[in-house]
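Enquirer: Can you read through this structure? Questions will come right after.
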Amino acid sequence: MDVEAHRDLRLLEAVHQNSRVTQRGLAGKLGIALGLANIYLRRMVHKGFIKVVNVQPNRISYLVTPRGIAEKARLTYEFMDYSLHLYGEVRQHLRTALQDCAAAGKRVAICGSGEAAELAYLSLKESGLEPVAVFDEEGGRDFLGMPVLPITDHTKVEYDLIIVATLDRSGRQLADLLKVGVPRDKQFPLRKEPEPAAKRARSTPVRSRTINGKHS
């Protein structure tokens, strides 16, 4: 599922849950600028997925149209299908690595405390391992009965590998961990890194040979 489709789904869900949501409220829910929220809303209105209704002279409401409800259902199915395939891919990726960790007696930690971290925790348990610690940007709360430590405390815990529990492939979190001193060889991304695109072979022009002053 691409970023645009996921954004459309979240926007339709937000309007469906609260028809009186403001553009500022939508911007906050989607984590985007107010101007972008306005553009996305206008786009959905143009497609006929959302209708603008004047409730009062100075107030409007947004309603998801029947066409928008059908689109929301389609996107929800697409997202569920995408999620199932993604989680299956991640669990297989983790299972292979964690079986090796279990055999070698390695100590594994988790960085993250969201749904992706729950997937990492489940995979650890399936491999007969317990996380030695759970880190996040900020600590002070619990994750499945374990205290979450701020990532800056990683030097106080002995670990051989830290699962970077995010489905984002931008590499931002890996870079953030490097900044606080987590070695790159101890970081294990939750998802396989994408295969580099194969470079097209450059054709080498065939140079003609000169024999007795003639080209061959």
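Ordering of the structure tokens sets the chain letters (A, B, ...); residue numbers start at 1 within each chain; ligands are numbered from 1 in the order shown.
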I'd like the contact shell of range 161-168 of chain A - 7 Å cut-off, only C-alpha atoms, skipping same-chain residues fewer than 4 positions apart - returned as a ChimeraX atom specification.

Expert: /A:107-112,116-117,120,186-191

Enquirer: Could you tell me which of A:His16, A:Arg184, A:Arg7, A:Lys192 comes closest to Gln92 in chain A if we count only C-alpha atoms?

Expert: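 So, comparing all the options, the nearest one is A:Lys192.
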
Enquirer: Please give the complete set of residues from range 10-170 of chain A that DSSP, run on the backbone, assigns to strand (DSSP E or B), formatted as a count of residues only.

Expert: 31

Enquirer: Report the distance between CA of Asn54 in chain A and CA of Gly31 in chain A in Å, rounded to one decimal place.

Expert: 26.0 Å

Enquirer: Need to verify the contact set: Met146 in chain A, 10 Å, only C-alpha atoms, exclusion of same-chain residues closer than 5 positions in sequence. Can you return it as a PyMOL selection string?

Expert: chain A and resi 131-134+141

Enquirer: For Ala73 in chain A, find every residue with an atom within 12 Å (counting only C-alpha atoms), except residues of its own chain fewer than 2 positions away, and show them as a list in words.

Expert: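 Final neighbour list, sorted by chain and number: Asp8, Leu9, Arg10, Leu12, Glu13, His16, Phe49, Val64, Pro66, Arg67, Gly68, Ile69, Ala70, Glu71, Leu75, Thr76, Tyr77, Glu78, Phe79 and Met80 of chain A.
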
Enquirer: Any chance you can output those residues with C-alpha atoms as a PDB file, in the first residue's frame?

Expert:
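Result file result37.pdb:
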ATOM      1  CA  ASP A   8      -6.487   8.780   2.030  1.00  0.00           C
ATOM      2  CA  LEU A   9      -7.666   5.954   4.285  1.00  0.00           C
ATOM      3  CA  ARG A  10      -6.672   7.815   7.444  1.00  0.00           C
ATOM      4  CA  LEU A  12     -11.622   9.145   5.401  1.00  0.00           C
ATOM      5  CA  GLU A  13     -11.523   7.404   8.789  1.00  0.00           C
ATOM      6  CA  HIS A  16     -16.145   9.358   9.292  1.00  0.00           C
ATOM      7  CA  PHE A  49     -15.537  10.951  -1.491  1.00  0.00           C
ATOM      8  CA  VAL A  64     -18.221  10.880   3.855  1.00  0.00           C
ATOM      9  CA  PRO A  66     -21.639   6.720  -0.202  1.00  0.00           C
ATOM     10  CA  ARG A  67     -18.875   6.740  -2.810  1.00  0.00           C
ATOM     11  CA  GLY A  68     -16.414   7.655  -0.061  1.00  0.00           C
ATOM     12  CA  ILE A  69     -17.671   4.825   2.152  1.00  0.00           C
ATOM     13  CA  ALA A  70     -17.061   2.374  -0.699  1.00  0.00           C
ATOM     14  CA  GLU A  71     -13.571   3.790  -1.204  1.00  0.00           C
ATOM     15  CA  LEU A  75      -8.704   0.912   1.113  1.00  0.00           C
ATOM     16  CA  THR A  76      -9.323  -0.862   4.428  1.00  0.00           C
ATOM     17  CA  TYR A  77      -9.269  -4.256   2.690  1.00  0.00           C
ATOM     18  CA  GLU A  78      -6.132  -3.253   0.800  1.00  0.00           C
ATOM     19  CA  PHE A  79      -4.463  -2.131   4.025  1.00  0.00           C
ATOM     20  CA  MET A  80      -5.388  -5.356   5.850  1.00  0.00           C
TER      21      MET A  80
END

Enquirer: So how many Å separate CA of His93 in chain A and CA of Glu137 in chain A, to one decimal?

Expert: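 CA of Glu137 in chain A lies 24.5 Å from CA of His93 in chain A.
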
Enquirer: So, with only C-alpha atoms as the atoms that count, which of A:Ser83, A:Gln99, A:Ser19, A:Asn38 lies closest to Ile60 in chain A?

Expert: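 Looking only at the distances to Ile60 in chain A, the closest residue turns out to be A:Ser19.
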
Enquirer: Leaving out Leu149 in chain A and any residue of its chain fewer than 2 positions from it, which residues lie within 8 Å of it when counting only C-alpha atoms, given as a PyMOL selection string?

Expert: chain A and resi 133-136+138-140+147+151+153

Enquirer: Go ahead and save the residues from that selection, with all heavy atoms, as a CSV table (one decimal), in the first residue's frame.

Expert:
chain,number,residue,atom,x,y,z
A,133,ALA,N,16.1,-5.9,27.4
A,133,ALA,CA,15.7,-4.6,27.7
A,133,ALA,C,14.8,-4.1,26.6
A,133,ALA,O,14.9,-4.6,25.5
A,133,ALA,CB,16.8,-3.6,27.9
A,134,VAL,N,13.9,-3.1,26.9
A,134,VAL,CA,13.1,-2.4,25.9
A,134,VAL,C,13.5,-0.9,26.0
A,134,VAL,O,13.3,-0.3,27.0
A,134,VAL,CB,11.6,-2.6,26.1
A,134,VAL,CG1,10.8,-1.9,25.1
A,134,VAL,CG2,11.3,-4.1,26.0
A,135,PHE,N,13.9,-0.4,24.8
A,135,PHE,CA,14.3,1.0,24.8
A,135,PHE,C,13.3,1.8,23.9
A,135,PHE,O,12.6,1.2,23.1
A,135,PHE,CB,15.7,1.2,24.2
A,135,PHE,CG,16.8,0.5,25.0
A,135,PHE,CD1,17.4,-0.7,24.5
A,135,PHE,CD2,17.2,1.1,26.2
A,135,PHE,CE1,18.4,-1.3,25.2
A,135,PHE,CE2,18.3,0.5,26.9
A,135,PHE,CZ,18.8,-0.7,26.4
A,136,ASP,N,13.3,3.1,24.1
A,136,ASP,CA,12.5,4.0,23.2
A,136,ASP,C,13.2,5.4,23.4
A,136,ASP,O,14.1,5.5,24.2
A,136,ASP,CB,11.1,4.0,23.5
A,136,ASP,CG,10.2,4.3,22.3
A,136,ASP,OD1,10.7,4.9,21.3
A,136,ASP,OD2,9.0,3.9,22.3
A,138,GLU,N,12.0,7.9,24.8
A,138,GLU,CA,11.8,8.3,26.2
A,138,GLU,C,11.4,7.1,26.9
A,138,GLU,O,10.7,6.2,26.4
A,138,GLU,CB,10.7,9.4,26.3
A,138,GLU,CG,11.1,10.7,25.6
A,138,GLU,CD,10.1,11.8,25.7
A,138,GLU,OE1,9.0,11.5,26.3
A,138,GLU,OE2,10.3,12.9,25.2
A,139,GLY,N,11.8,7.0,28.2
A,139,GLY,CA,11.4,5.9,29.1
A,139,GLY,C,10.3,6.3,30.0
A,139,GLY,O,9.5,7.3,29.7
A,140,GLY,N,10.1,5.5,31.1
A,140,GLY,CA,9.1,5.9,32.1
A,140,GLY,C,7.8,5.3,32.0
A,140,GLY,O,6.9,5.6,32.7
A,147,PRO,N,9.7,-2.5,31.9
A,147,PRO,CA,9.9,-1.0,31.9
A,147,PRO,C,10.6,-0.6,30.6
A,147,PRO,O,11.5,-1.2,30.1
A,147,PRO,CB,10.8,-0.8,33.1
A,147,PRO,CG,11.5,-2.1,33.3
A,147,PRO,CD,10.5,-3.1,32.9
A,151,ILE,N,16.6,5.4,25.3
A,151,ILE,CA,17.7,4.8,24.5
A,151,ILE,C,19.1,5.3,24.9
A,151,ILE,O,20.0,4.6,24.7
A,151,ILE,CB,17.4,5.1,23.0
A,151,ILE,CG1,18.4,4.3,22.1
A,151,ILE,CG2,17.5,6.5,22.7
A,151,ILE,CD1,18.4,2.8,22.3
A,153,ASP,N,20.2,5.2,27.7
A,153,ASP,CA,20.6,4.3,28.8
A,153,ASP,C,21.1,2.9,28.2
A,153,ASP,O,21.4,2.0,29.0
A,153,ASP,CB,19.5,4.0,29.8
A,153,ASP,CG,19.2,5.1,30.7
A,153,ASP,OD1,20.0,6.1,30.7
A,153,ASP,OD2,18.3,5.0,31.5

Enquirer: Find the distance between CA of Glu158 in chain A and CA of Arg95 in chain A and write it in Å to one decimal.

Expert: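 Atom-to-atom, CA of Glu158 in chain A and CA of Arg95 in chain A are spaced 22.0 Å apart.
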
Enquirer: Please identify all polymer residues within 8 Å of Thr65 in chain A, counting only C-alpha atoms, omitting same-chain residues fewer than 5 positions from it, and present them as a ChimeraX atom specification.

Expert: /A:48-51

Enquirer: Those residues you just picked out, can you put them in a file as a CSV table (one decimal), in the first residue's frame with C-alpha atoms?

Expert:
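Below you can see out-v1.csv, which holds the result:
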chain,number,residue,atom,x,y,z
A,48,GLY,CA,-16.7,12.8,-4.6
A,49,PHE,CA,-15.5,11.0,-1.5
A,50,ILE,CA,-16.3,13.8,0.9
A,51,LYS,CA,-19.1,16.4,0.9

Enquirer: Let's see if you can do this: from backbone DSSP, list all alpha helix (DSSP H) residues in range 68-188 of chain A, as a ChimeraX atom specification.

Expert: /A:68-104,115-126,172-179

Enquirer: Go ahead and save the residues from that selection, with C-alpha atoms, as a PDB file, in the first residue's frame.

Expert:
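This went into again_31.pdb:
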ATOM      1  CA  GLY A  68     -16.414   7.655  -0.061  1.00  0.00           C
ATOM      2  CA  ILE A  69     -17.671   4.825   2.152  1.00  0.00           C
ATOM      3  CA  ALA A  70     -17.061   2.374  -0.699  1.00  0.00           C
ATOM      4  CA  GLU A  71     -13.571   3.790  -1.204  1.00  0.00           C
ATOM      5  CA  LYS A  72     -12.874   3.549   2.537  1.00  0.00           C
ATOM      6  CA  ALA A  73     -13.938  -0.115   2.509  1.00  0.00           C
ATOM      7  CA  ARG A  74     -11.703  -0.820  -0.491  1.00  0.00           C
ATOM      8  CA  LEU A  75      -8.704   0.912   1.113  1.00  0.00           C
ATOM      9  CA  THR A  76      -9.323  -0.862   4.428  1.00  0.00           C
ATOM     10  CA  TYR A  77      -9.269  -4.256   2.690  1.00  0.00           C
ATOM     11  CA  GLU A  78      -6.132  -3.253   0.800  1.00  0.00           C
ATOM     12  CA  PHE A  79      -4.463  -2.131   4.025  1.00  0.00           C
ATOM     13  CA  MET A  80      -5.388  -5.356   5.850  1.00  0.00           C
ATOM     14  CA  ASP A  81      -4.061  -7.451   2.990  1.00  0.00           C
ATOM     15  CA  TYR A  82      -0.861  -5.385   2.911  1.00  0.00           C
ATOM     16  CA  SER A  83      -0.457  -5.680   6.693  1.00  0.00           C
ATOM     17  CA  LEU A  84      -0.864  -9.461   6.683  1.00  0.00           C
ATOM     18  CA  HIS A  85       1.771  -9.867   3.997  1.00  0.00           C
ATOM     19  CA  LEU A  86       4.088  -7.394   5.703  1.00  0.00           C
ATOM     20  CA  TYR A  87       3.802  -9.030   9.122  1.00  0.00           C
ATOM     21  CA  GLY A  88       4.403 -12.435   7.580  1.00  0.00           C
ATOM     22  CA  GLU A  89       7.519 -11.134   5.849  1.00  0.00           C
ATOM     23  CA  VAL A  90       8.805  -9.522   9.046  1.00  0.00           C
ATOM     24  CA  ARG A  91       8.184 -12.589  11.206  1.00  0.00           C
ATOM     25  CA  GLN A  92      10.032 -14.824   8.753  1.00  0.00           C
ATOM     26  CA  HIS A  93      12.916 -12.334   8.632  1.00  0.00           C
ATOM     27  CA  LEU A  94      13.078 -12.231  12.440  1.00  0.00           C
ATOM     28  CA  ARG A  95      12.620 -15.970  12.909  1.00  0.00           C
ATOM     29  CA  THR A  96      15.705 -16.794  10.855  1.00  0.00           C
ATOM     30  CA  ALA A  97      17.907 -14.281  12.683  1.00  0.00           C
ATOM     31  CA  LEU A  98      16.611 -15.025  16.179  1.00  0.00           C
ATOM     32  CA  GLN A  99      17.082 -18.773  15.827  1.00  0.00           C
ATOM     33  CA  ASP A 100      20.775 -18.056  15.264  1.00  0.00           C
ATOM     34  CA  CYS A 101      20.798 -15.707  18.267  1.00  0.00           C
ATOM     35  CA  ALA A 102      19.203 -18.366  20.466  1.00  0.00           C
ATOM     36  CA  ALA A 103      21.709 -20.990  19.333  1.00  0.00           C
ATOM     37  CA  ALA A 104      24.608 -18.629  20.067  1.00  0.00           C
ATOM     38  CA  GLU A 115       2.873  -2.438  17.310  1.00  0.00           C
ATOM     39  CA  ALA A 116       6.134  -3.223  15.514  1.00  0.00           C
ATOM     40  CA  ALA A 117       7.804  -3.803  18.900  1.00  0.00           C
ATOM     41  CA  GLU A 118       4.995  -6.201  19.860  1.00  0.00           C
ATOM     42  CA  LEU A 119       5.755  -8.167  16.691  1.00  0.00           C
ATOM     43  CA  ALA A 120       9.452  -8.255  17.640  1.00  0.00           C
ATOM     44  CA  TYR A 121       8.591  -9.384  21.184  1.00  0.00           C
ATOM     45  CA  LEU A 122       6.348 -12.176  19.882  1.00  0.00           C
ATOM     46  CA  SER A 123       9.110 -13.390  17.563  1.00  0.00           C
ATOM     47  CA  LEU A 124      11.585 -13.392  20.452  1.00  0.00           C
ATOM     48  CA  LYS A 125       9.251 -15.517  22.563  1.00  0.00           C
ATOM     49  CA  GLU A 126       8.730 -17.956  19.695  1.00  0.00           C
ATOM     50  CA  ARG A 172      16.060   7.604  10.199  1.00  0.00           C
ATOM     51  CA  GLN A 173      15.864   5.503  13.357  1.00  0.00           C
ATOM     52  CA  LEU A 174      19.070   3.651  12.479  1.00  0.00           C
ATOM     53  CA  ALA A 175      20.820   6.981  12.107  1.00  0.00           C
ATOM     54  CA  ASP A 176      19.373   8.209  15.419  1.00  0.00           C
ATOM     55  CA  LEU A 177      20.725   5.118  17.180  1.00  0.00           C
ATOM     56  CA  LEU A 178      24.162   5.757  15.734  1.00  0.00           C
ATOM     57  CA  LYS A 179      24.049   9.270  17.182  1.00  0.00           C
TER      58      LYS A 179
END
